[in-house]
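So this one's target.txt, compact mmCIF, C-alpha atoms and all ligand atoms:
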# COMPACT_ATOMS: atom_id res chain seq x y z
CA MET A 81 98.39 129.36 98.59
CA GLY A 82 96.52 126.10 98.26
CA SER A 83 93.92 125.48 95.57
CA THR A 84 91.55 123.97 98.16
CA THR A 85 91.54 124.21 101.92
CA ALA A 86 92.58 120.80 103.19
CA THR A 87 92.61 120.04 106.88
CA GLN A 88 94.47 116.74 107.10
CA ASN A 89 97.08 114.68 105.37
CA ARG A 90 96.34 110.94 105.59
CA ALA A 91 99.63 109.06 105.28
CA LEU A 92 101.05 105.55 105.53
CA TRP A 93 103.78 105.62 108.15
CA LEU A 94 106.61 103.10 108.30
CA SER A 95 108.20 103.29 111.76
CA SER A 96 109.92 99.89 111.81
CA PHE A 97 110.60 96.98 109.45
CA ASP A 98 108.99 94.75 112.12
CA LYS A 99 105.69 96.65 112.25
CA PRO A 100 103.04 97.02 109.55
CA LEU A 101 102.44 100.40 107.94
CA GLU A 102 100.08 102.61 109.96
CA LEU A 103 97.55 105.01 108.48
CA ILE A 104 98.00 108.27 110.41
CA ASN A 105 97.33 112.00 110.09
CA LEU A 106 100.32 114.17 109.36
CA PRO A 107 100.31 117.95 108.98
CA ILE A 108 99.97 119.28 105.44
CA PRO A 109 103.49 120.44 104.64
CA ASP A 110 104.24 124.12 103.89
CA ALA A 111 105.58 125.04 100.47
CA THR A 112 108.80 126.79 101.42
CA VAL A 113 111.25 128.34 98.93
CA GLY A 114 112.51 125.72 96.46
CA SER A 115 109.66 123.32 97.07
CA VAL A 116 106.16 122.48 95.98
CA VAL A 117 103.39 120.67 97.84
CA VAL A 118 101.45 118.30 95.61
CA GLN A 119 98.12 116.63 96.22
CA VAL A 120 98.99 113.03 95.28
CA LEU A 121 96.48 111.53 92.83
CA ASN A 122 98.14 108.26 91.85
CA THR A 123 101.22 106.17 92.46
CA VAL A 124 101.88 102.79 90.91
CA ILE A 125 102.86 100.01 93.32
CA GLN A 126 105.93 97.87 92.61
CA PRO A 127 105.60 94.10 93.12
CA TYR A 128 108.35 94.24 95.74
CA ALA A 129 106.83 97.14 97.75
CA GLU A 130 106.04 94.96 100.77
CA ASP A 131 109.53 93.45 100.69
CA ILE A 132 110.94 96.97 101.07
CA HIS A 133 108.59 97.74 103.97
CA THR A 134 109.55 94.56 105.81
CA GLY A 135 113.28 95.17 105.42
CA LYS A 136 113.86 92.28 103.01
CA LEU A 137 115.55 94.58 100.49
CA PRO A 138 118.32 96.40 102.42
CA VAL A 139 119.72 97.63 99.08
CA PHE A 140 117.16 100.46 99.37
CA ASN A 141 119.11 101.79 102.35
CA LEU A 142 116.04 103.31 104.02
CA ALA A 143 116.33 105.03 107.39
CA LEU A 144 113.08 104.93 109.37
CA PRO A 145 110.63 106.37 110.17
CA LEU A 146 109.21 107.71 106.92
CA VAL A 147 106.29 107.69 104.50
CA PRO A 148 107.50 105.27 101.81
CA HIS A 149 107.19 105.15 98.02
CA PRO A 150 108.70 106.99 95.05
CA SER A 151 107.11 109.08 92.28
CA HIS A 152 103.52 110.15 91.58
CA ILE A 153 101.04 112.04 89.46
CA GLY A 154 99.42 114.88 91.38
CA ARG A 155 97.92 118.32 91.40
CA VAL A 156 99.93 121.25 92.69
CA TYR A 157 98.51 122.38 96.04
CA ALA A 158 100.98 125.14 96.89
CA VAL A 159 104.25 126.45 95.49
CA GLY A 160 107.30 128.09 97.04
CA SER A 161 107.85 131.78 96.26
CA ASP A 162 110.56 131.03 93.66
CA ALA A 163 108.32 128.94 91.34
CA VAL A 164 108.26 130.48 87.86
CA LEU A 165 106.08 127.96 85.99
CA ALA A 166 104.16 125.70 88.37
CA LYS A 167 101.05 127.07 90.03
CA PRO A 168 98.29 125.62 92.22
CA GLY A 169 95.96 123.41 90.19
CA ASP A 170 98.59 122.26 87.65
CA LEU A 171 98.67 118.54 86.89
CA VAL A 172 102.23 117.30 87.44
CA PHE A 173 104.50 114.28 87.26
CA PHE A 174 106.86 114.08 90.22
CA SER A 175 110.02 112.13 89.48
CA GLY A 176 111.47 110.93 92.80
CA SER A 177 115.15 111.19 91.86
CA ILE A 178 116.77 113.91 94.01
CA HIS A 179 120.31 115.26 94.02
CA GLY A 180 122.11 117.33 96.63
CA ARG A 181 121.81 120.97 95.55
CA ASP A 182 125.33 121.65 96.80
CA ASP A 183 126.66 118.26 95.59
CA PRO A 184 124.85 116.71 92.61
CA ASP A 185 127.00 113.58 93.05
CA VAL A 186 124.77 112.68 96.01
CA GLY A 187 121.52 111.09 94.85
CA ILE A 188 118.49 109.53 96.55
CA ILE A 189 114.98 108.58 95.53
CA GLN A 190 112.59 110.41 97.85
CA GLY A 191 110.77 107.98 100.14
CA HIS A 192 112.30 105.01 98.35
CA HIS A 193 116.09 104.78 98.16
CA GLY A 194 118.54 106.26 100.64
CA GLY A 195 121.40 106.50 98.15
CA GLU A 196 124.93 105.69 99.17
CA GLY A 197 126.89 106.49 102.30
CA ASP A 198 126.47 109.20 104.90
CA SER A 199 125.71 112.01 102.42
CA GLY A 200 122.83 110.03 100.88
CA ARG A 201 121.45 109.34 104.35
CA LYS A 202 121.73 113.02 105.30
CA LEU A 203 119.81 114.09 102.19
CA MET A 204 117.19 111.39 102.80
CA GLN A 205 116.58 112.27 106.44
CA GLY A 206 115.87 115.96 105.96
CA GLU A 207 113.32 117.83 103.87
CA TRP A 208 112.98 115.11 101.25
CA ARG A 209 112.32 112.07 103.39
CA ASP A 210 108.66 111.30 102.85
CA GLY A 211 107.30 109.53 99.78
CA ALA A 212 104.09 109.28 97.82
CA LEU A 213 101.85 107.18 100.09
CA GLN A 214 100.26 110.29 101.57
CA GLN A 215 97.73 112.85 100.41
CA TYR A 216 100.06 115.88 100.35
CA GLN A 217 103.73 115.49 99.54
CA LYS A 218 106.38 118.19 99.71
CA VAL A 219 108.96 117.77 96.94
CA PRO A 220 111.79 119.83 95.45
CA LEU A 221 110.49 122.30 92.86
CA GLU A 222 112.89 121.06 90.18
CA THR A 223 111.57 117.48 90.38
CA ILE A 224 108.07 118.22 89.09
CA PHE A 225 107.05 118.36 85.44
CA VAL A 226 103.93 120.31 84.56
CA LEU A 227 101.83 118.14 82.25
CA ASP A 228 99.86 119.31 79.22
CA GLU A 229 96.44 118.51 80.69
CA GLN A 230 94.56 119.68 77.60
CA ARG A 231 96.45 117.18 75.42
CA LEU A 232 96.92 114.27 77.81
CA VAL A 233 93.63 114.31 79.70
CA LYS A 234 91.08 116.11 77.51
CA GLU A 235 92.27 114.90 74.09
CA LEU A 236 93.93 111.53 74.81
CA GLY A 237 91.61 110.70 77.73
CA TYR A 238 94.32 109.65 80.19
CA THR A 239 93.64 109.25 83.93
CA PRO A 240 96.27 109.85 86.65
CA ALA A 241 96.89 106.07 86.75
CA ASP A 242 97.47 106.00 82.98
CA LEU A 243 99.79 108.99 83.32
CA HIS A 244 101.82 107.36 86.04
CA GLU A 245 102.99 104.81 83.47
CA LEU A 246 105.34 107.68 82.63
CA SER A 247 107.36 106.64 85.69
CA PHE A 248 108.31 103.42 83.83
CA TYR A 249 108.79 105.06 80.45
CA VAL A 250 111.26 107.62 81.80
CA ILE A 251 113.48 104.74 82.98
CA GLY A 252 113.26 103.08 79.55
CA VAL A 253 114.13 106.39 77.90
CA GLY A 254 117.08 106.70 80.30
CA ALA A 255 118.43 103.33 79.16
CA VAL A 256 117.53 103.30 75.46
CA CYS A 257 117.84 106.98 74.52
CA GLU A 258 120.21 108.57 77.04
CA ALA A 259 122.64 105.71 77.64
CA ALA A 260 122.42 103.64 74.42
CA LYS A 261 121.67 106.67 72.20
CA ILE A 262 119.69 104.40 69.89
CA GLU A 263 119.29 105.56 66.27
CA ALA A 264 116.45 104.72 63.90
CA GLY A 265 117.31 101.60 61.89
CA GLU A 266 119.78 100.23 64.47
CA THR A 267 119.12 96.88 66.11
CA ILE A 268 118.85 96.57 69.88
CA ALA A 269 118.56 93.34 71.84
CA ILE A 270 116.76 93.73 75.16
CA GLY A 271 116.79 91.05 77.81
CA PRO A 272 115.24 89.72 79.87
CA ALA A 273 112.47 91.40 77.90
CA THR A 274 109.43 89.79 79.53
CA GLY A 275 109.57 91.86 82.75
CA THR A 276 108.10 95.33 83.21
CA PHE A 277 111.16 97.35 82.26
CA GLY A 278 112.14 94.99 79.45
CA GLY A 279 108.71 95.47 77.86
CA ILE A 280 108.83 99.24 78.41
CA SER A 281 112.29 99.45 76.82
CA CYS A 282 111.14 97.42 73.81
CA ASP A 283 108.27 99.89 73.40
CA VAL A 284 110.60 102.90 73.69
CA ALA A 285 113.09 101.43 71.18
CA LEU A 286 110.32 100.71 68.66
CA ALA A 287 109.02 104.27 69.12
CA ARG A 288 112.55 105.56 68.33
CA GLY A 289 112.65 103.61 65.07
CA ALA A 290 114.93 100.74 66.09
CA ASN A 291 114.69 97.04 65.23
CA VAL A 292 114.02 95.24 68.51
CA LEU A 293 115.08 91.73 69.50
CA ALA A 294 113.42 90.66 72.74
CA LEU A 295 115.39 88.00 74.62
CA GLY A 296 113.65 85.66 77.07
CA ARG A 297 113.50 82.10 78.33
CA SER A 298 109.77 81.59 77.75
CA GLU A 299 108.40 81.53 74.21
CA GLU A 300 104.88 81.93 75.54
CA LYS A 301 105.80 85.15 77.36
CA LEU A 302 107.73 86.46 74.37
CA GLN A 303 104.72 85.80 72.14
CA ARG A 304 102.54 87.67 74.62
CA LEU A 305 104.96 90.61 74.52
CA GLU A 306 104.90 90.56 70.71
CA LYS A 307 101.11 90.78 70.82
CA GLN A 308 101.18 93.54 73.46
CA LEU A 309 103.44 95.53 71.14
CA GLY A 310 100.95 95.17 68.30
CA ASN A 311 102.89 92.52 66.29
CA HIS A 312 105.17 95.35 65.26
CA GLU A 313 107.07 94.76 62.01
CA ARG A 314 110.39 95.78 63.61
CA PHE A 315 109.93 93.42 66.59
CA ARG A 316 111.37 89.91 66.81
CA TYR A 317 112.18 87.66 69.72
CA VAL A 318 114.79 85.04 70.52
CA VAL A 319 114.10 82.19 72.94
CA MET A 320 117.32 81.81 74.93
CA THR A 321 118.51 78.30 75.76
CA GLY A 322 121.45 78.89 78.11
CA ASP A 323 123.89 77.54 75.48
CA ASP A 324 125.90 80.71 74.80
CA ALA A 325 127.21 79.71 71.34
CA ALA A 326 123.73 78.72 70.12
CA ASP A 327 122.14 81.82 71.69
CA THR A 328 124.74 84.16 70.15
CA ALA A 329 124.08 82.60 66.73
CA ALA A 330 120.32 82.91 67.23
CA ILE A 331 120.64 86.62 68.11
CA ARG A 332 122.80 87.28 65.03
CA ASN A 333 120.41 85.34 62.81
CA ALA A 334 117.49 87.40 64.04
CA THR A 335 119.12 90.72 63.05
CA PRO A 336 118.01 92.18 59.70
CA ASP A 337 121.36 91.55 57.93
CA GLY A 338 122.59 88.71 60.14
CA ARG A 339 125.61 90.77 61.28
CA GLY A 340 124.71 91.38 64.91
CA ILE A 341 123.38 94.07 67.20
CA GLU A 342 124.41 97.67 67.76
CA VAL A 343 123.00 97.75 71.29
CA TYR A 344 122.34 95.27 74.09
CA ASN A 345 120.24 96.53 77.01
CA ASP A 346 120.30 94.24 80.04
CA TRP A 347 117.43 94.21 82.58
CA ALA A 348 118.48 91.27 84.81
CA SER A 349 116.12 91.28 87.77
CA GLY A 350 116.96 91.79 91.44
CA GLY A 351 116.48 88.12 92.35
CA LEU A 352 119.27 86.99 90.00
CA THR A 353 123.00 86.71 90.50
CA GLY A 354 124.68 88.08 87.40
CA SER A 355 122.79 88.26 84.12
CA PRO A 356 121.45 85.21 82.26
CA PHE A 357 121.86 86.68 78.75
CA PHE A 358 124.89 88.99 79.00
CA SER A 359 127.43 86.43 77.89
CA ALA A 360 125.57 85.41 74.72
CA ALA A 361 124.49 88.96 73.87
CA ILE A 362 127.94 90.56 74.15
CA ARG A 363 129.29 88.03 71.63
CA ALA A 364 126.61 89.11 69.14
CA MET A 365 127.68 92.78 69.21
CA ARG A 366 128.77 94.67 66.11
CA PRO A 367 131.93 96.81 66.31
CA SER A 368 131.51 100.01 68.37
CA GLY A 369 128.37 98.57 69.95
CA ARG A 370 126.94 99.80 73.24
CA ILE A 371 125.98 97.56 76.14
CA VAL A 372 123.74 99.18 78.73
CA LEU A 373 123.39 97.55 82.14
CA SER A 374 120.22 98.80 83.78
CA GLY A 375 118.92 95.81 85.78
CA GLY A 376 119.64 95.18 89.43
CA PRO A 377 121.03 91.67 89.99
CA ALA A 378 123.49 90.73 92.70
CA GLY A 379 127.00 89.50 91.84
CA ASP A 380 129.08 89.99 88.72
CA VAL A 381 129.16 89.38 84.98
CA ARG A 382 132.23 88.03 83.18
CA VAL A 383 133.50 90.40 80.51
CA PRO A 384 135.38 88.90 77.50
CA TYR A 385 138.27 91.37 77.68
CA ALA A 386 139.80 90.90 74.21
CA LEU A 387 136.42 90.98 72.45
CA VAL A 388 135.51 94.29 74.11
CA MET A 389 138.89 95.72 73.10
CA HIS A 390 138.88 94.38 69.52
CA LEU A 391 135.32 95.55 68.83
CA ASN A 392 135.64 98.94 70.60
CA LEU A 393 132.61 98.06 72.71
CA LYS A 394 131.26 100.40 75.37
CA ILE A 395 129.77 99.00 78.59
CA ILE A 396 127.58 101.63 80.23
CA GLY A 397 125.70 101.52 83.54
CA LYS A 398 122.48 103.49 83.71
CA ILE A 399 120.16 104.32 86.58
CA MET A 400 117.11 106.54 86.29
CA VAL A 401 117.04 109.44 83.83
CA THR A 402 117.95 113.11 83.57
CA ARG A 403 115.47 115.98 83.46
CA THR A 404 116.09 116.21 79.71
CA GLY A 405 115.15 112.52 79.40
CA VAL A 406 111.89 113.10 81.29
CA ASP A 407 111.10 116.01 78.94
CA LEU A 408 111.75 113.72 75.96
CA THR A 409 109.42 111.08 77.45
CA LEU A 410 106.68 113.69 77.88
CA LYS A 411 107.08 114.80 74.25
CA MET A 412 106.76 111.17 73.14
CA ALA A 413 103.58 110.75 75.24
CA ASN A 414 102.10 114.06 74.05
CA SER A 415 102.75 113.16 70.41
CA GLY A 416 101.03 109.80 70.88
CA VAL A 417 104.09 107.78 69.83
CA LEU A 418 104.07 106.28 73.34
CA LYS A 419 100.59 105.07 74.17
CA LEU A 420 99.43 104.91 77.79
CA GLY A 421 96.36 103.44 79.47
CA LYS A 422 93.76 101.73 77.32
CA ARG A 423 95.32 103.21 74.19
CA GLY A 424 98.40 101.06 74.87
CA GLY A 425 96.44 98.11 76.24
CA SER A 426 97.32 98.67 79.93
CA THR A 427 95.14 97.73 82.87
CA HIS A 428 95.12 99.38 86.30
CA ASN A 429 93.71 98.06 89.58
CA ILE A 430 93.38 101.09 91.82
CA TYR A 431 93.17 101.03 95.65
CA GLY A 432 92.82 103.69 98.35
CA LEU A 433 95.37 104.30 101.13
CA GLU A 434 93.17 102.25 103.49
CA GLN A 435 93.40 99.22 101.19
CA HIS A 436 97.19 99.25 100.97
CA HIS A 437 97.58 95.60 102.06
CA GLU A 438 95.34 94.43 99.22
CA ALA A 439 97.23 96.71 96.84
CA PHE A 440 100.64 95.28 97.81
CA ARG A 441 99.38 91.71 97.54
CA HIS A 442 97.74 92.39 94.19
CA ALA A 443 100.89 94.08 92.87
CA LYS A 444 103.10 91.18 93.97
CA LYS A 445 100.90 88.61 92.26
CA ASN A 446 99.95 90.41 89.07
CA SER A 447 102.41 93.16 88.11
CA GLY A 448 104.12 93.20 84.76
CA PHE A 449 104.43 95.19 81.57
CA ARG A 450 101.08 96.99 81.08
CA VAL A 451 99.52 95.26 84.11
CA TYR A 452 99.60 97.77 86.92
CA THR A 453 98.40 98.12 90.52
CA ASP A 454 98.01 101.63 91.91
CA ILE A 455 97.18 103.54 95.06
CA ALA A 456 95.18 106.77 94.72
CA PRO A 457 95.59 108.82 97.96
CA ASN A 458 93.14 111.47 96.67
CA ALA A 459 90.12 111.16 94.38
CA TRP A 460 90.59 112.31 90.75
N1 LIG B 501 118.17 101.28 85.92
C1 LIG B 501 117.16 101.77 86.61
O1 LIG B 501 117.01 102.99 86.79
C2 LIG B 501 116.14 100.83 87.15
C3 LIG B 501 114.89 101.32 87.53
C4 LIG B 501 113.96 100.44 88.01
C5 LIG B 501 114.27 99.08 88.12
N2 LIG B 501 115.51 98.63 87.78
C6 LIG B 501 115.87 97.20 87.87
O2 LIG B 501 115.44 96.55 86.71
C7 LIG B 501 115.34 95.15 87.00
C8 LIG B 501 114.17 94.57 86.27
O3 LIG B 501 112.97 95.04 86.87
P1 LIG B 501 111.55 94.53 86.40
O4 LIG B 501 110.55 95.19 87.30
O5 LIG B 501 111.41 94.69 84.91
O6 LIG B 501 111.63 92.99 86.76
P2 LIG B 501 110.55 91.92 86.56
O7 LIG B 501 109.30 92.53 86.00
O8 LIG B 501 110.47 91.18 87.82
O9 LIG B 501 111.19 91.02 85.40
C9 LIG B 501 112.00 90.00 85.67
C10 LIG B 501 112.55 89.48 84.32
O10 LIG B 501 113.65 88.68 84.63
C11 LIG B 501 113.47 87.41 83.99
N3 LIG B 501 114.08 86.36 84.77
C12 LIG B 501 113.93 86.12 86.08
N4 LIG B 501 114.68 85.05 86.43
C13 LIG B 501 115.28 84.61 85.30
C14 LIG B 501 116.15 83.54 85.01
N5 LIG B 501 116.58 82.71 85.96
N6 LIG B 501 116.57 83.39 83.74
C15 LIG B 501 116.15 84.22 82.77
N7 LIG B 501 115.31 85.26 82.98
C16 LIG B 501 114.89 85.44 84.24
C17 LIG B 501 111.96 87.23 83.90
O11 LIG B 501 111.71 86.26 82.91
P3 LIG B 501 110.35 85.37 82.89
O12 LIG B 501 109.29 86.30 82.38
O13 LIG B 501 110.67 84.27 81.97
O14 LIG B 501 110.09 84.95 84.30
C18 LIG B 501 111.55 88.65 83.53
O15 LIG B 501 111.75 88.89 82.16
C19 LIG B 501 115.25 95.06 88.52
O16 LIG B 501 116.38 94.43 89.02
C20 LIG B 501 115.18 96.48 88.99
O17 LIG B 501 115.86 96.69 90.22
C21 LIG B 501 116.43 99.47 87.29
Let me see the file written as structure tokens.
Ligand SMILES: NC(=O)c1ccc[n+]([C@@H]2O[C@H](COP(=O)([O-])OP(=O)(O)OC[C@H]3O[C@@H](n4cnc5c(N)ncnc54)[C@H](OP(=O)(O)O)[C@@H]3O)[C@@H](O)[C@H]2O)c1
Amino acid sequence: MGSTTATQNRALWLSSFDKPLELINLPIPDATVGSVVVQVLNTVIQPYAEDIHTGKLPVFNLALPLVPHPSHIGRVYAVGSDAVLAKPGDLVFFSGSIHGRDDPDVGIIQGHHGGEGDSGRKLMQGEWRDGALQQYQKVPLETIFVLDEQRLVKELGYTPADLHELSFYVIGVGAVCEAAKIEAGETIAIGPATGTFGGISCDVALARGANVLALGRSEEKLQRLEKQLGNHERFRYVVMTGDDAADTAAIRNATPDGRGIEVYNDWASGGLTGSPFFSAAIRAMRPSGRIVLSGGPAGDVRVPYALVMHLNLKIIGKIMVTRTGVDLTLKMANSGVLKLGKRGGSTHNIYGLEQHHEAFRHAKKNSGFRVYTDIAPNAW
């Protein structure tokens, strides 16, 4: 049963990479067994959203038509008969990562990424095709997380837009906590650190008690990041020069005891080929260090074979996060150790579905760590 009686589902429909998105009316989906229908309150817009919709990023492997866009914050509208916790009216975070129920090796991101191969396409073209740019979205029951509204909204004062910052933090937790398994007192270098996920991962690592070295090419941007992170006493930055020997020495020198880093977390962006800092960072690793590759560049990185062997280094790839990692992120937000919205210094520019063009343009021009553009398909 729905919590209100809605009559229409306004949605942005992508029928072709050659045609602009259309605002249309779709039926409100039914909450069948194993699913939940959520009234979408907020979804943050990535700077490259329009590039996906115009087919410039084939890596997303989207089959059309569909309603695009990944995760959201919403209110449960209706639940399938097997729901044991979620009920209509609950405030929830929907994490778009979906796995085949009969083959968890097959993964997609609902409305956003068609996964790999025929199995990914099959999963994407069925029940879980349509994304968050609509008023009512049907999602798998196991992909929603019921939020503690009393704590997050009434006590900490967060809005749905503030809460959707969780969609970035879960990825940072995936890299820093699940893959790198960072421990308090260890030193992690993160680079490039001046993008959205670099900044998020610095914040997560500081919250977990690590020393953080932010790597970047622009001192001005690194200084801005330092300020955004409250001039934290465990935060330092290194301005990278492109001279690997000098950069490796600078990273070592910036560690508390000058002996190197336990973890390097790489966030090379999608426009790059290879990673600009990998080569210098891997040479600054301490024995048994962990290197986590979580960016999305094209091409390859060169691995110094003997060094990896002699130092017992681990090179780990990491995409997204597990359900346990999302739960950990929520605990960190509830406790206040991760600060969202104004508490963390974030800004949000929020648009309606009708203003999606402005939203995409604004996101492309302005997005970054703690500078967000959002679409709110329903009023809060
Ligand atoms: N693992 C996952 O689950 C996951 C999830 C989401 C996204 N990603 C991937 O994470 C990557 C980063 O995303 P993002 O949104 O944080 O990117 P972003 O905000 O666009 O950040 C780009 C970063 O790359 C740096 N950069 C760009 N060109 C450079 C160059 N030539 N030399 C040195 N630094 C350069 C920028 O430095 P300046 O500030 O100096 O320009 C900035 O720090 C993307 O590829 C994305 O696909 C992964």
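Residue nearest ligand LIG 501 (chain B), chosen from A:Lys261, A:His437, A:Lys301, A:Arg201 and counting only C-alpha atoms and all ligand atoms: A:Lys301.
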Where does chain A meet ligand LIG 501 (chain B) within 8 Å, residue by residue, with the nearest atom pair and distance in Å to one decimal for each, counting only C-alpha atoms and all ligand atoms, listed by chain and rising number, as JSON lines?
{"residue": "A:Gln126", "atom": "CA", "partner": "B:LIG501", "partner_atom": "O4", "distance": 7.5}
{"residue": "A:Pro127", "atom": "CA", "partner": "B:LIG501", "partner_atom": "O4", "distance": 7.7}
{"residue": "A:Phe248", "atom": "CA", "partner": "B:LIG501", "partner_atom": "C4", "distance": 7.6}
{"residue": "A:Ile251", "atom": "CA", "partner": "B:LIG501", "partner_atom": "O1", "distance": 5.5}
{"residue": "A:Gly254", "atom": "CA", "partner": "B:LIG501", "partner_atom": "O1", "distance": 7.5}
{"residue": "A:Ala255", "atom": "CA", "partner": "B:LIG501", "partner_atom": "N1", "distance": 7.1}
{"residue": "A:Gly271", "atom": "CA", "partner": "B:LIG501", "partner_atom": "O15", "distance": 7.0}
{"residue": "A:Pro272", "atom": "CA", "partner": "B:LIG501", "partner_atom": "O15", "distance": 4.3}
{"residue": "A:Ala273", "atom": "CA", "partner": "B:LIG501", "partner_atom": "O15", "distance": 5.0}
{"residue": "A:Thr274", "atom": "CA", "partner": "B:LIG501", "partner_atom": "O15", "distance": 3.6}
{"residue": "A:Gly275", "atom": "CA", "partner": "B:LIG501", "partner_atom": "O9", "distance": 3.2}
{"residue": "A:Thr276", "atom": "CA", "partner": "B:LIG501", "partner_atom": "O5", "distance": 3.8}
{"residue": "A:Phe277", "atom": "CA", "partner": "B:LIG501", "partner_atom": "O5", "distance": 3.8}
{"residue": "A:Gly278", "atom": "CA", "partner": "B:LIG501", "partner_atom": "O5", "distance": 5.5}
{"residue": "A:Gly279", "atom": "CA", "partner": "B:LIG501", "partner_atom": "O5", "distance": 7.6}
{"residue": "A:Gly296", "atom": "CA", "partner": "B:LIG501", "partner_atom": "O13", "distance": 5.9}
{"residue": "A:Arg297", "atom": "CA", "partner": "B:LIG501", "partner_atom": "O13", "distance": 5.1}
{"residue": "A:Ser298", "atom": "CA", "partner": "B:LIG501", "partner_atom": "O13", "distance": 5.1}
{"residue": "A:Lys301", "atom": "CA", "partner": "B:LIG501", "partner_atom": "O12", "distance": 6.2}
{"residue": "A:Trp347", "atom": "CA", "partner": "B:LIG501", "partner_atom": "C8", "distance": 4.9}
{"residue": "A:Ala348", "atom": "CA", "partner": "B:LIG501", "partner_atom": "C7", "distance": 5.5}
{"residue": "A:Ser349", "atom": "CA", "partner": "B:LIG501", "partner_atom": "O16", "distance": 3.4}
{"residue": "A:Gly350", "atom": "CA", "partner": "B:LIG501", "partner_atom": "O16", "distance": 3.6}
{"residue": "A:Gly351", "atom": "CA", "partner": "B:LIG501", "partner_atom": "N4", "distance": 6.9}
{"residue": "A:Leu352", "atom": "CA", "partner": "B:LIG501", "partner_atom": "N4", "distance": 6.1}
{"residue": "A:Ser355", "atom": "CA", "partner": "B:LIG501", "partner_atom": "C15", "distance": 7.9}
{"residue": "A:Pro356", "atom": "CA", "partner": "B:LIG501", "partner_atom": "N6", "distance": 5.4}
{"residue": "A:Phe357", "atom": "CA", "partner": "B:LIG501", "partner_atom": "C15", "distance": 7.4}
{"residue": "A:Leu373", "atom": "CA", "partner": "B:LIG501", "partner_atom": "N1", "distance": 7.4}
{"residue": "A:Ser374", "atom": "CA", "partner": "B:LIG501", "partner_atom": "N1", "distance": 3.9}
{"residue": "A:Gly375", "atom": "CA", "partner": "B:LIG501", "partner_atom": "O2", "distance": 3.7}
{"residue": "A:Gly376", "atom": "CA", "partner": "B:LIG501", "partner_atom": "O16", "distance": 3.4}
{"residue": "A:Pro377", "atom": "CA", "partner": "B:LIG501", "partner_atom": "O16", "distance": 5.5}
{"residue": "A:Gly397", "atom": "CA", "partner": "B:LIG501", "partner_atom": "N1", "distance": 7.9}
{"residue": "A:Lys398", "atom": "CA", "partner": "B:LIG501", "partner_atom": "N1", "distance": 5.3}
{"residue": "A:Ile399", "atom": "CA", "partner": "B:LIG501", "partner_atom": "O1", "distance": 3.4}
{"residue": "A:Met400", "atom": "CA", "partner": "B:LIG501", "partner_atom": "O1", "distance": 3.6}
{"residue": "A:Val401", "atom": "CA", "partner": "B:LIG501", "partner_atom": "O1", "distance": 7.1}
{"residue": "A:Ser447", "atom": "CA", "partner": "B:LIG501", "partner_atom": "O7", "distance": 7.2}
{"residue": "A:Gly448", "atom": "CA", "partner": "B:LIG501", "partner_atom": "O7", "distance": 5.4}
{"residue": "A:Phe449", "atom": "CA", "partner": "B:LIG501", "partner_atom": "O7", "distance": 7.1}
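For the atom pair formed by atom CA of A:Val120 and atom CA of A:Gln215, the distance is 5.3 Å, given to one decimal.
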Inset, instruction - Quick one: everything within 8 Å of A:Leu142, counting all atoms listed in the file, minus sequence neighbours fewer than 5 positions away in the same chain. Send it as an MDAnalysis selection string. - result: chainID A and resid 192:194
Can you spit out the residues from that selection as a CSV table (one decimal), keeping the file's coordinate frame, using C-alpha atoms?
chain,number,residue,atom,x,y,z
A,192,HIS,CA,112.3,105.0,98.4
A,193,HIS,CA,116.1,104.8,98.2
A,194,GLY,CA,118.5,106.3,100.6
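Closest to A:Leu221 among A:Gly265, A:Pro184, A:Gly114, A:Gly191 is A:Gly114, based on all atoms listed in the file.
With all atoms listed in the file as the atoms that count, the minimum distance from A:Val164 to the choices A:Val226, A:Val124, A:Ala269, A:Leu146 is reached by A:Val226.
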Inset, instruction - Give me the residues within 10 Å of A:Leu420 as an MDAnalysis selection string, counting all atoms listed in the file and dropping any in the same chain fewer than 4 places off. - result: chainID A and resid 232 236:239 241:246 249 413 416 424:427 450
Inset, instruction - Within 8 Å of stretch 307-315 of chain A, counting only C-alpha atoms, which residues show up once you throw out same-chain ones fewer than 3 positions away? Write them as a PyMOL selection string, please. - result: chain A and resi 283+286+290-294+303-304+425
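The spacing separating atom CA of A:Val343 from atom CA of A:Thr267 amounts to 6.5 Å.
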Considering all atoms listed in the file, return as a PDB file with C-alpha atoms, keeping the file's coordinate frame whatever protein or nucleic-acid residues lie within 9 Å of A:Ala459, sequence-local ones (same chain, fewer than 3 positions apart) excluded.
ATOM      1  CA  LEU A 121      96.480 111.530  92.830  1.00  0.00           C
ATOM      2  CA  ASN A 122      98.140 108.260  91.850  1.00  0.00           C
ATOM      3  CA  GLY A 432      92.820 103.690  98.350  1.00  0.00           C
ATOM      4  CA  ALA A 456      95.180 106.770  94.720  1.00  0.00           C
TER       5      ALA A 456
END
